Amino acid sequence: MDRKKILSRAIGMSLTFGLLAVPFATSMPDVVCSAAEAAAVQESAPIKAAAVQKTDVVLVGSLQDELGAAKEWDPADTKTIMKSDGAGHHVLTGHLPKGNYDFKVVVGGSWDVNYGANGEANGKNIALRLLKDHDVTFTYDDATHAVTYDYAGKDAEEKALAAEGRSIVLTGTVQSKAGAAKDWDPSDTTTRMKAIGHDFYSYKLKLRSC
């Protein structure tokens, strides 16, 4: 075969292979780029946090952060949702350090429906005082709305607390104005102060100016 023909055919075949290879070479980066972009979009998509549902019962109070919530008295924190036991109660067990606490329950993630002492709607806070660290179980009754708590050694600890009961009396020249027999008499309980929780005591008295 003529040398020129052989060279011409070789060049033609090279061009043909080159044209066949180009589409594949140029298309691959597009596929890789698209996959990377899809992964980036997926990673950047925000994960929606779970929310308190309208039937959820949430334990709230000054003990809430100790039980894993971000802050105290937050009805929308899912960390202190009480779980149904299937028998008309909602239950939550958590570890609490010794100290004084106040709590109640809310339903539905807001203060619209809440229950306090004796199961009363919008009732007073329920006080809890622990002399030691305890695993405490809180139980909410769906029918009565009452909230109770229990822990190991509760009876003995409550007896110790009762024996420790304090009598804080306001004394001074204000005592007789409050109805006491005389001033500066610590034995007259007319001006005995009322415990308001967390080792604080209060006494209200209206005084006239001199």
# chains A, B, ... in the order shown; residues from 1 in each chain; ligands from 1
>>> residues_around(residues="range 123-125 of chain A", least_positions_apart="5", cutoff="12 Å", atoms="only C-alpha atoms", output="VMD selection string")
chain A and resid 59 to 62 73 101 to 106 111 113 to 118 145 to 147 196 to 197
>>> write_last_selection(atoms="N, CA, C and O atoms", output="mmCIF file, in the first residue's frame")
data_model
loop_
_atom_site.group_PDB
_atom_site.id
_atom_site.type_symbol
_atom_site.label_atom_id
_atom_site.label_comp_id
_atom_site.auth_asym_id
_atom_site.auth_seq_id
_atom_site.Cartn_x
_atom_site.Cartn_y
_atom_site.Cartn_z
ATOM 1 N N LEU A 59 -44.068 17.941 82.286
ATOM 2 C CA LEU A 59 -43.712 18.336 83.644
ATOM 3 C C LEU A 59 -42.866 19.600 83.566
ATOM 4 O O LEU A 59 -41.847 19.625 82.868
ATOM 5 N N VAL A 60 -43.303 20.677 84.246
ATOM 6 C CA VAL A 60 -42.565 21.939 84.204
ATOM 7 C C VAL A 60 -42.247 22.395 85.625
ATOM 8 O O VAL A 60 -42.900 21.988 86.584
ATOM 9 N N GLY A 61 -41.233 23.238 85.755
ATOM 10 C CA GLY A 61 -40.909 23.750 87.079
ATOM 11 C C GLY A 61 -39.445 24.097 87.235
ATOM 12 O O GLY A 61 -38.675 24.089 86.269
ATOM 13 N N SER A 62 -39.056 24.364 88.475
ATOM 14 C CA SER A 62 -37.675 24.722 88.768
ATOM 15 C C SER A 62 -36.753 23.507 88.699
ATOM 16 O O SER A 62 -35.536 23.640 88.813
ATOM 17 N N TRP A 73 -39.386 26.042 83.742
ATOM 18 C CA TRP A 73 -40.754 26.519 83.488
ATOM 19 C C TRP A 73 -41.039 26.715 81.997
ATOM 20 O O TRP A 73 -41.626 27.704 81.585
ATOM 21 N N TYR A 101 -37.658 22.324 95.249
ATOM 22 C CA TYR A 101 -38.186 22.507 93.903
ATOM 23 C C TYR A 101 -39.681 22.840 93.946
ATOM 24 O O TYR A 101 -40.371 22.539 94.923
ATOM 25 N N ASP A 102 -40.147 23.444 92.852
ATOM 26 C CA ASP A 102 -41.578 23.669 92.641
ATOM 27 C C ASP A 102 -41.919 23.201 91.236
ATOM 28 O O ASP A 102 -41.122 23.404 90.300
ATOM 29 N N PHE A 103 -43.105 22.618 91.065
ATOM 30 C CA PHE A 103 -43.456 22.105 89.744
ATOM 31 C C PHE A 103 -44.964 22.037 89.579
ATOM 32 O O PHE A 103 -45.737 22.167 90.528
ATOM 33 N N LYS A 104 -45.390 21.785 88.338
ATOM 34 C CA LYS A 104 -46.772 21.476 87.997
ATOM 35 C C LYS A 104 -46.748 20.825 86.614
ATOM 36 O O LYS A 104 -45.668 20.541 86.085
ATOM 37 N N VAL A 105 -47.905 20.577 86.011
ATOM 38 C CA VAL A 105 -47.930 19.998 84.666
ATOM 39 C C VAL A 105 -48.738 20.888 83.731
ATOM 40 O O VAL A 105 -49.641 21.608 84.164
ATOM 41 N N VAL A 106 -48.381 20.815 82.443
ATOM 42 C CA VAL A 106 -49.142 21.511 81.408
ATOM 43 C C VAL A 106 -49.499 20.504 80.323
ATOM 44 O O VAL A 106 -48.843 19.465 80.182
ATOM 45 N N TRP A 111 -49.293 27.304 78.364
ATOM 46 C CA TRP A 111 -49.873 27.476 79.695
ATOM 47 C C TRP A 111 -51.406 27.509 79.677
ATOM 48 O O TRP A 111 -52.029 27.677 80.719
ATOM 49 N N VAL A 113 -53.550 25.146 79.376
ATOM 50 C CA VAL A 113 -54.079 24.086 80.238
ATOM 51 C C VAL A 113 -52.949 23.634 81.166
ATOM 52 O O VAL A 113 -51.951 23.077 80.720
ATOM 53 N N ASN A 114 -53.113 23.920 82.467
ATOM 54 C CA ASN A 114 -52.092 23.506 83.426
ATOM 55 C C ASN A 114 -52.752 23.137 84.752
ATOM 56 O O ASN A 114 -53.829 23.631 85.083
ATOM 57 N N TYR A 115 -52.100 22.252 85.494
ATOM 58 C CA TYR A 115 -52.637 21.767 86.763
ATOM 59 C C TYR A 115 -51.557 21.802 87.840
ATOM 60 O O TYR A 115 -50.400 21.460 87.593
ATOM 61 N N GLY A 116 -51.973 22.246 89.031
ATOM 62 C CA GLY A 116 -51.048 22.351 90.145
ATOM 63 C C GLY A 116 -51.467 21.507 91.325
ATOM 64 O O GLY A 116 -51.960 20.384 91.162
ATOM 65 N N ALA A 117 -51.302 22.054 92.524
ATOM 66 C CA ALA A 117 -51.606 21.328 93.756
ATOM 67 C C ALA A 117 -53.052 20.832 93.772
ATOM 68 O O ALA A 117 -53.979 21.544 93.351
ATOM 69 N N ASN A 118 -53.237 19.596 94.204
ATOM 70 C CA ASN A 118 -54.565 18.959 94.302
ATOM 71 C C ASN A 118 -55.268 18.818 92.961
ATOM 72 O O ASN A 118 -56.496 18.665 92.905
ATOM 73 N N HIS A 145 -56.339 14.810 87.399
ATOM 74 C CA HIS A 145 -55.330 15.845 87.095
ATOM 75 C C HIS A 145 -54.336 16.065 88.246
ATOM 76 O O HIS A 145 -53.552 17.012 88.208
ATOM 77 N N ALA A 146 -54.380 15.198 89.238
ATOM 78 C CA ALA A 146 -53.446 15.316 90.364
ATOM 79 C C ALA A 146 -52.076 14.771 89.967
ATOM 80 O O ALA A 146 -51.975 13.812 89.201
ATOM 81 N N VAL A 147 -51.041 15.386 90.518
ATOM 82 C CA VAL A 147 -49.669 14.942 90.265
ATOM 83 C C VAL A 147 -49.056 14.487 91.587
ATOM 84 O O VAL A 147 -49.094 15.210 92.580
ATOM 85 N N ILE A 196 -42.507 30.174 101.951
ATOM 86 C CA ILE A 196 -42.936 30.374 100.553
ATOM 87 C C ILE A 196 -42.069 29.580 99.586
ATOM 88 O O ILE A 196 -42.149 29.757 98.376
ATOM 89 N N GLY A 197 -41.242 28.675 100.115
ATOM 90 C CA GLY A 197 -40.421 27.819 99.268
ATOM 91 C C GLY A 197 -38.979 28.270 99.173
ATOM 92 O O GLY A 197 -38.661 29.442 99.351
#
>>> closest_atom_pairs(of="range 107-132 of chain A", to="range 153-156 of chain A", cutoff="12 Å", atoms="only C-alpha atoms", output="CSV")
residue,atom,partner,partner_atom,distance
A:Leu128,CA,A:Lys154,CA,11.1
A:Arg129,CA,A:Lys154,CA,10.4
A:Leu130,CA,A:Lys154,CA,8.9
A:Leu131,CA,A:Lys154,CA,9.9
A:Lys132,CA,A:Gly153,CA,9.9
>>> closest_residue(among="A:Ala178, A:Tyr149, A:Ala160, A:Thr190", to="Leu205 in chain A", atoms="only C-alpha atoms")
A:Ala178
>>> closest_residue(among="A:Lys206, A:Ala162, A:Thr148, A:Ala87", to="Gln175 in chain A", atoms="only C-alpha atoms")
A:Lys206
>>> closest_residue(among="A:Ser202, A:Thr171, A:Thr189, A:Thr80", to="Gly109 in chain A", atoms="only C-alpha atoms")
A:Thr80
>>> atom_distance(atom1="CA of Asp185 in chain A", atom2="CA of Ile168 in chain A")
12.1 Å
>>> atom_distance(atom1="CA of Leu92 in chain A", atom2="CA of Gly68 in chain A")
12.1 Å
>>> atom_distance(atom1="CA of Asp77 in chain A", atom2="CA of Leu63 in chain A")
12.8 Å
>>> residues_around(residues="Gly88 in chain A", least_positions_apart="5", cutoff="10 Å", atoms="only C-alpha atoms", output="PyMOL selection string")
chain A and resi 140-144
>>> write_last_selection(atoms="all heavy atoms", output="mmCIF file, in the first residue's frame")
data_model
loop_
_atom_site.group_PDB
_atom_site.id
_atom_site.type_symbol
_atom_site.label_atom_id
_atom_site.label_comp_id
_atom_site.auth_asym_id
_atom_site.auth_seq_id
_atom_site.Cartn_x
_atom_site.Cartn_y
_atom_site.Cartn_z
ATOM 1 N N TYR A 140 -48.901 11.639 86.761
ATOM 2 C CA TYR A 140 -50.061 12.508 86.517
ATOM 3 C C TYR A 140 -51.274 11.637 86.244
ATOM 4 O O TYR A 140 -51.232 10.741 85.392
ATOM 5 C CB TYR A 140 -49.776 13.427 85.334
ATOM 6 C CG TYR A 140 -50.984 14.164 84.795
ATOM 7 C CD1 TYR A 140 -51.519 15.257 85.480
ATOM 8 C CD2 TYR A 140 -51.582 13.772 83.600
ATOM 9 C CE1 TYR A 140 -52.614 15.941 84.979
ATOM 10 C CE2 TYR A 140 -52.682 14.451 83.091
ATOM 11 C CZ TYR A 140 -53.197 15.530 83.788
ATOM 12 O OH TYR A 140 -54.285 16.207 83.304
ATOM 13 N N ASP A 141 -52.362 11.868 86.970
ATOM 14 C CA ASP A 141 -53.598 11.110 86.801
ATOM 15 C C ASP A 141 -54.483 11.822 85.780
ATOM 16 O O ASP A 141 -54.895 12.963 85.990
ATOM 17 C CB ASP A 141 -54.325 10.989 88.145
ATOM 18 C CG ASP A 141 -55.498 10.028 88.098
ATOM 19 O OD1 ASP A 141 -56.421 10.257 87.288
ATOM 20 O OD2 ASP A 141 -55.493 9.057 88.866
ATOM 21 N N ASP A 142 -54.783 11.139 84.672
ATOM 22 C CA ASP A 142 -55.568 11.761 83.602
ATOM 23 C C ASP A 142 -56.970 12.154 84.042
ATOM 24 O O ASP A 142 -57.549 13.113 83.523
ATOM 25 C CB ASP A 142 -55.688 10.797 82.408
ATOM 26 C CG ASP A 142 -54.345 10.520 81.747
ATOM 27 O OD1 ASP A 142 -53.413 11.323 81.942
ATOM 28 O OD2 ASP A 142 -54.224 9.500 81.043
ATOM 29 N N ALA A 143 -57.529 11.433 85.008
ATOM 30 C CA ALA A 143 -58.907 11.685 85.436
ATOM 31 C C ALA A 143 -58.991 12.809 86.463
ATOM 32 O O ALA A 143 -59.823 13.713 86.353
ATOM 33 C CB ALA A 143 -59.524 10.411 85.999
ATOM 34 N N THR A 144 -58.130 12.768 87.478
ATOM 35 C CA THR A 144 -58.196 13.761 88.564
ATOM 36 C C THR A 144 -57.281 14.953 88.333
ATOM 37 O O THR A 144 -57.415 15.974 89.000
ATOM 38 C CB THR A 144 -57.807 13.110 89.899
ATOM 39 O OG1 THR A 144 -56.420 12.719 89.851
ATOM 40 C CG2 THR A 144 -58.670 11.883 90.174
#
>>> select_by_dssp(residues="range 64-137 of chain A", states="strand (DSSP E or B)", output="PyMOL selection string")
chain A and resi 81-84+89-96+99-107+114-115+121+126-130+134-137
>>> residues_around(residues="His90 in chain A", least_positions_apart="2", cutoff="7 Å", atoms="only C-alpha atoms", output="NGL selection string")
:A and (82-85 or 139-141)
